[in-house]
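Since the structure comes first, as structure tokens, the remarks are kept for the end.
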Amino acid sequence: MAETSNEETLKSTSDNQVKHSDNISINKFTKKPYSRRWHDIYSKRTKLPVWEHRETFMRLLDENQTIVLVGETGSGKTTQIPQWCVDYCLEKSSDRGGNNELRQKLCVACTQPRRVAAMSVAARVAEEMDVSLGQEVGYSIRFEACTSSKTLLKYLTDGMLLREAMNDSKLSQYGVIILDEVHERTLSTDILMGVLKQLLATRKDIKIVVMSATLDAGKFQSYFENSPLLSVPGRTHPVEILWANETTRDFLEAAVETVFQIHSQEVHEEGDILLFLTGQEVSKKIFQHVSLSGSYPRRSKLLTLVSIRTNTAQY
């Protein structure tokens with residue numbers, strides 16, 4: 001009898017392990033097996049500096065209504081923190097009986113100061129979660145919304161969230177609101193912080209996460225009544241700064257010549273060249289001039305990226 005009991009126990013344990021293994025490979029959002037692409041991305045996510053702070057962040061989120069997080073460039077805060085907040089909201093929804101109405105309310109909003117950032121980050125996170133953009137992960141910018149009734153995580157410009165607050169003062173569809181890149185201090189972000197501080201008094205169930213890339217977080221902590229601070233180191237790459245030997249009369253011409261020079265000299269280096277310009281018209285002017293003249297080097301492709309354009313209208 002004892003031997004039979006042990007065999008049954010071993011079999012039961014083995015069955016549980018198989019089930020556990022199956023659950024790991026099943027996407028909790030789509031109920032389908034994770035793709036090979038997801039596994040490749042996941043291995044890279046675990047190497048981000050912010051990853052090792054997950055348990056600490058989840059504990060602070062559960063114990064506090066507001067958190068101030070300082071994450072240096074390359075830490076992974078913009079892509080990982082919102083996903084953890086989605087996990088938190090789903091867990092709380094499940095703890096309360098999995099009510100569909102409650103689940104819809106417990107969505108996550110993450111603001112971005114620029115339209116391009118909201119679109120590109122949403123696309124990246126959708127890929128990391130192995131879901132279609134516009135379904136569980138979406139974005140909302142002026143004149144364009146890519147969301148659905150399934151959306152649990154929405155990236156949007158601070159101006160769009162402020163507009164939502166004007167229509168719904170309690171922002172009732174959100175369980176966690178993340179203000180990213182607050183160190184840039186846009187007018188909309190500053191107004192939002194005032195709106196959210198008032199909201200904290202009427203909605204005890206909402207969580208506010210304020211994220212900054214600079215160490216000057218004391219003012220945000222004091223503003224939100226001594227919120228806990230979580231600091232995450234960044235991951236930087238070697239940077240070499242080269243200065244022009246003399247000033248130039250036409251900075252646009254000098255900029256283009258510099259790009260061509262880099263392209264011709266760094267023939268054995270892989271990668272792209274990013275040229276920052278002062279506006280859409282300047283970008284258009286240079287693009288047309290270089291394209292028509294045919295002076296740009298071979299094996300190169302000229303593209304433009306403008307923040308006020310929609311995602312499909314880029315390039």
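Please note that chains go A, B, ... in the order of the structure tokens, that every chain numbers its residues from 1, and that ligands are numbered from 1 in the order shown.
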
Might you pull out every residue within 9 Å of region 107-111 of chain A, with only C-alpha atoms counted and same-chain residues fewer than 5 positions away left off, and present them as a tab-separated table (two decimals) with C-alpha atoms, in the first residue's frame?
```tsv
chain	number	residue	atom	x	y	z
A	78	THR	CA	9.03	52.96	-19.58
A	82	PRO	CA	3.51	49.61	-16.94
A	83	GLN	CA	3.46	45.85	-17.57
A	85	CYS	CA	1.13	47.56	-13.10
A	86	VAL	CA	-1.12	45.58	-15.45
A	89	CYS	CA	-4.46	45.38	-11.56
A	90	LEU	CA	-5.37	41.93	-12.86
A	118	ALA	CA	3.50	57.05	-27.13
A	151	THR	CA	-7.17	47.36	-23.78
A	152	LEU	CA	-5.54	47.02	-20.36
A	153	LEU	CA	-2.53	49.25	-20.95
A	154	LYS	CA	-2.73	52.55	-22.79
A	155	TYR	CA	0.13	54.88	-23.65
A	156	LEU	CA	-1.03	58.40	-24.30
A	157	THR	CA	0.24	61.95	-24.36
A	158	ASP	CA	-0.20	63.95	-21.18
A	159	GLY	CA	-2.55	66.26	-23.07
A	160	MET	CA	-4.86	63.36	-23.95
A	161	LEU	CA	-5.04	62.16	-20.35
A	173	GLN	CA	-11.43	53.41	-15.98
A	174	TYR	CA	-7.91	53.44	-14.54
A	175	GLY	CA	-6.48	51.57	-11.58
A	176	VAL	CA	-2.91	52.85	-12.04
A	177	ILE	CA	-1.79	56.08	-13.69
A	178	ILE	CA	1.88	56.49	-14.58
A	179	LEU	CA	3.35	59.90	-15.32
A	180	ASP	CA	6.53	59.23	-17.29
A	181	GLU	CA	9.32	61.69	-18.06
A	189	THR	CA	2.07	67.33	-16.96
```

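Neighbours of Ser169 (chain A) closer than or equal to 12 Å, with only C-alpha atoms counted and sequence neighbours fewer than 5 positions away skipped, come out as Leu161, Leu162, Arg163, Glu164, Tyr174, Leu192, Val195, Leu196, Lys197, Gln198, Leu199, Leu200, Thr202 and Arg203 of chain A.
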
Got time to write the residues from that selection, N, CA, C and O atoms, as an mmCIF file, in the first residue's frame?
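Now in result37.cif:
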```
data_model
loop_
_atom_site.group_PDB
_atom_site.id
_atom_site.type_symbol
_atom_site.label_atom_id
_atom_site.label_comp_id
_atom_site.auth_asym_id
_atom_site.auth_seq_id
_atom_site.Cartn_x
_atom_site.Cartn_y
_atom_site.Cartn_z
ATOM 1 N N LEU A 161 -4.545 62.566 -21.666
ATOM 2 C CA LEU A 161 -5.036 62.161 -20.349
ATOM 3 C C LEU A 161 -5.716 63.328 -19.648
ATOM 4 O O LEU A 161 -6.723 63.157 -18.951
ATOM 5 N N LEU A 162 -5.194 64.522 -19.837
ATOM 6 C CA LEU A 162 -5.819 65.704 -19.263
ATOM 7 C C LEU A 162 -7.202 65.922 -19.859
ATOM 8 O O LEU A 162 -8.149 66.280 -19.149
ATOM 9 N N ARG A 163 -7.340 65.659 -21.142
ATOM 10 C CA ARG A 163 -8.652 65.781 -21.786
ATOM 11 C C ARG A 163 -9.619 64.727 -21.234
ATOM 12 O O ARG A 163 -10.800 65.015 -21.026
ATOM 13 N N GLU A 164 -9.125 63.525 -20.996
ATOM 14 C CA GLU A 164 -9.974 62.492 -20.407
ATOM 15 C C GLU A 164 -10.423 62.899 -19.013
ATOM 16 O O GLU A 164 -11.561 62.624 -18.612
ATOM 17 N N TYR A 174 -9.299 53.764 -14.847
ATOM 18 C CA TYR A 174 -7.910 53.443 -14.538
ATOM 19 C C TYR A 174 -7.729 53.017 -13.092
ATOM 20 O O TYR A 174 -8.308 53.595 -12.175
ATOM 21 N N LEU A 192 -1.699 68.033 -14.786
ATOM 22 C CA LEU A 192 -2.114 66.672 -14.442
ATOM 23 C C LEU A 192 -1.749 66.321 -13.008
ATOM 24 O O LEU A 192 -2.529 65.676 -12.299
ATOM 25 N N VAL A 195 -4.300 67.752 -10.823
ATOM 26 C CA VAL A 195 -5.561 67.015 -10.930
ATOM 27 C C VAL A 195 -5.476 65.691 -10.179
ATOM 28 O O VAL A 195 -6.399 65.305 -9.444
ATOM 29 N N LEU A 196 -4.363 64.994 -10.325
ATOM 30 C CA LEU A 196 -4.211 63.685 -9.692
ATOM 31 C C LEU A 196 -4.075 63.794 -8.177
ATOM 32 O O LEU A 196 -4.537 62.909 -7.445
ATOM 33 N N LYS A 197 -3.478 64.869 -7.717
ATOM 34 C CA LYS A 197 -3.370 65.043 -6.267
ATOM 35 C C LYS A 197 -4.753 65.212 -5.645
ATOM 36 O O LYS A 197 -5.038 64.678 -4.557
ATOM 37 N N GLN A 198 -5.629 65.919 -6.327
ATOM 38 C CA GLN A 198 -7.003 66.047 -5.838
ATOM 39 C C GLN A 198 -7.748 64.719 -5.948
ATOM 40 O O GLN A 198 -8.558 64.376 -5.087
ATOM 41 N N LEU A 199 -7.430 63.963 -6.994
ATOM 42 C CA LEU A 199 -8.094 62.681 -7.211
ATOM 43 C C LEU A 199 -7.749 61.682 -6.109
ATOM 44 O O LEU A 199 -8.583 60.839 -5.748
ATOM 45 N N LEU A 200 -6.543 61.765 -5.564
ATOM 46 C CA LEU A 200 -6.133 60.837 -4.516
ATOM 47 C C LEU A 200 -7.036 60.900 -3.295
ATOM 48 O O LEU A 200 -7.215 59.904 -2.592
ATOM 49 N N THR A 202 -10.294 61.468 -3.337
ATOM 50 C CA THR A 202 -11.631 60.927 -3.605
ATOM 51 C C THR A 202 -11.607 59.470 -4.049
ATOM 52 O O THR A 202 -12.605 58.771 -3.916
ATOM 53 N N ARG A 203 -10.459 59.026 -4.571
ATOM 54 C CA ARG A 203 -10.336 57.626 -5.006
ATOM 55 C C ARG A 203 -9.184 56.965 -4.276
ATOM 56 O O ARG A 203 -8.022 57.064 -4.670
#
```

Q. Restricting the calculation to only C-alpha atoms, which member of A:Ile241, A:Leu230, A:Ile191, A:Ile141 is positioned closest to Glu55 (chain A)?
A.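 Using only C-alpha atoms, Glu55 (chain A) sits closest to A:Leu230.
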
Give me the residues near Glu136 (chain A) as a PDB file with all heavy atoms, in the first residue's frame, where near means some atom within 8 Å (using only C-alpha atoms) and where sequence neighbours in that chain fewer than 4 positions away do not count.
```pdb
ATOM      1  N   PHE A  29      -3.060  36.620 -21.732  1.00  0.00           N
ATOM      2  CA  PHE A  29      -3.938  37.587 -22.384  1.00  0.00           C
ATOM      3  C   PHE A  29      -4.670  36.975 -23.586  1.00  0.00           C
ATOM      4  O   PHE A  29      -5.860  37.194 -23.773  1.00  0.00           O
ATOM      5  CB  PHE A  29      -3.144  38.817 -22.832  1.00  0.00           C
ATOM      6  CG  PHE A  29      -2.432  39.515 -21.714  1.00  0.00           C
ATOM      7  CD1 PHE A  29      -1.057  39.425 -21.587  1.00  0.00           C
ATOM      8  CD2 PHE A  29      -3.138  40.253 -20.777  1.00  0.00           C
ATOM      9  CE1 PHE A  29      -0.399  40.063 -20.552  1.00  0.00           C
ATOM     10  CE2 PHE A  29      -2.490  40.892 -19.734  1.00  0.00           C
ATOM     11  CZ  PHE A  29      -1.113  40.797 -19.618  1.00  0.00           C
ATOM     12  N   ALA A 126       3.552  45.947 -26.785  1.00  0.00           N
ATOM     13  CA  ALA A 126       2.641  44.948 -27.352  1.00  0.00           C
ATOM     14  C   ALA A 126       3.427  43.742 -27.841  1.00  0.00           C
ATOM     15  O   ALA A 126       3.003  42.589 -27.669  1.00  0.00           O
ATOM     16  CB  ALA A 126       1.845  45.566 -28.498  1.00  0.00           C
ATOM     17  N   VAL A 131       1.029  40.407 -27.883  1.00  0.00           N
ATOM     18  CA  VAL A 131      -0.358  40.705 -28.228  1.00  0.00           C
ATOM     19  C   VAL A 131      -0.358  41.665 -29.413  1.00  0.00           C
ATOM     20  O   VAL A 131       0.671  42.233 -29.773  1.00  0.00           O
ATOM     21  CB  VAL A 131      -1.120  41.342 -27.043  1.00  0.00           C
ATOM     22  CG1 VAL A 131      -1.185  40.385 -25.863  1.00  0.00           C
ATOM     23  CG2 VAL A 131      -0.475  42.663 -26.622  1.00  0.00           C
ATOM     24  N   SER A 132      -1.500  41.862 -30.015  1.00  0.00           N
ATOM     25  CA  SER A 132      -1.626  42.770 -31.152  1.00  0.00           C
ATOM     26  C   SER A 132      -1.790  44.201 -30.659  1.00  0.00           C
ATOM     27  O   SER A 132      -2.554  44.457 -29.722  1.00  0.00           O
ATOM     28  CB  SER A 132      -2.824  42.375 -32.021  1.00  0.00           C
ATOM     29  OG  SER A 132      -2.671  41.075 -32.543  1.00  0.00           O
ATOM     30  N   THR A 147      -6.987  51.694 -29.720  1.00  0.00           N
ATOM     31  CA  THR A 147      -7.382  50.946 -28.532  1.00  0.00           C
ATOM     32  C   THR A 147      -8.619  50.119 -28.854  1.00  0.00           C
ATOM     33  O   THR A 147      -9.192  50.226 -29.939  1.00  0.00           O
ATOM     34  CB  THR A 147      -7.691  51.889 -27.351  1.00  0.00           C
ATOM     35  OG1 THR A 147      -8.757  52.786 -27.734  1.00  0.00           O
ATOM     36  CG2 THR A 147      -6.468  52.695 -26.948  1.00  0.00           C
ATOM     37  N   SER A 148      -9.027  49.298 -27.897  1.00  0.00           N
ATOM     38  CA  SER A 148     -10.231  48.495 -28.047  1.00  0.00           C
ATOM     39  C   SER A 148     -10.822  48.230 -26.670  1.00  0.00           C
ATOM     40  O   SER A 148     -10.287  48.684 -25.650  1.00  0.00           O
ATOM     41  CB  SER A 148      -9.912  47.162 -28.744  1.00  0.00           C
ATOM     42  OG  SER A 148      -9.136  46.332 -27.890  1.00  0.00           O
ATOM     43  N   LYS A 150     -10.666  45.584 -25.164  1.00  0.00           N
ATOM     44  CA  LYS A 150      -9.761  44.676 -24.461  1.00  0.00           C
ATOM     45  C   LYS A 150      -8.566  45.394 -23.847  1.00  0.00           C
ATOM     46  O   LYS A 150      -7.796  44.780 -23.090  1.00  0.00           O
ATOM     47  CB  LYS A 150      -9.241  43.603 -25.424  1.00  0.00           C
ATOM     48  CG  LYS A 150     -10.294  42.658 -25.963  1.00  0.00           C
ATOM     49  CD  LYS A 150      -9.627  41.627 -26.877  1.00  0.00           C
ATOM     50  CE  LYS A 150     -10.642  40.653 -27.434  1.00  0.00           C
ATOM     51  NZ  LYS A 150      -9.990  39.661 -28.330  1.00  0.00           N
ATOM     52  N   THR A 151      -8.382  46.654 -24.174  1.00  0.00           N
ATOM     53  CA  THR A 151      -7.170  47.363 -23.783  1.00  0.00           C
ATOM     54  C   THR A 151      -7.014  47.454 -22.267  1.00  0.00           C
ATOM     55  O   THR A 151      -7.898  47.952 -21.568  1.00  0.00           O
ATOM     56  CB  THR A 151      -7.140  48.783 -24.381  1.00  0.00           C
ATOM     57  OG1 THR A 151      -7.218  48.692 -25.805  1.00  0.00           O
ATOM     58  CG2 THR A 151      -5.862  49.512 -23.991  1.00  0.00           C
ATOM     59  N   LEU A 152      -5.876  46.958 -21.775  1.00  0.00           N
ATOM     60  CA  LEU A 152      -5.545  47.015 -20.357  1.00  0.00           C
ATOM     61  C   LEU A 152      -4.416  47.997 -20.074  1.00  0.00           C
ATOM     62  O   LEU A 152      -4.238  48.423 -18.946  1.00  0.00           O
ATOM     63  CB  LEU A 152      -5.129  45.620 -19.854  1.00  0.00           C
ATOM     64  CG  LEU A 152      -6.197  44.536 -19.915  1.00  0.00           C
ATOM     65  CD1 LEU A 152      -5.593  43.188 -19.554  1.00  0.00           C
ATOM     66  CD2 LEU A 152      -7.351  44.868 -18.994  1.00  0.00           C
ATOM     67  N   LEU A 153      -3.647  48.313 -21.097  1.00  0.00           N
ATOM     68  CA  LEU A 153      -2.534  49.248 -20.950  1.00  0.00           C
ATOM     69  C   LEU A 153      -2.571  50.233 -22.107  1.00  0.00           C
ATOM     70  O   LEU A 153      -2.556  49.836 -23.269  1.00  0.00           O
ATOM     71  CB  LEU A 153      -1.189  48.499 -20.946  1.00  0.00           C
ATOM     72  CG  LEU A 153       0.083  49.347 -21.016  1.00  0.00           C
ATOM     73  CD1 LEU A 153       0.149  50.356 -19.880  1.00  0.00           C
ATOM     74  CD2 LEU A 153       1.315  48.440 -21.010  1.00  0.00           C
TER      75      LEU A 153
END
```
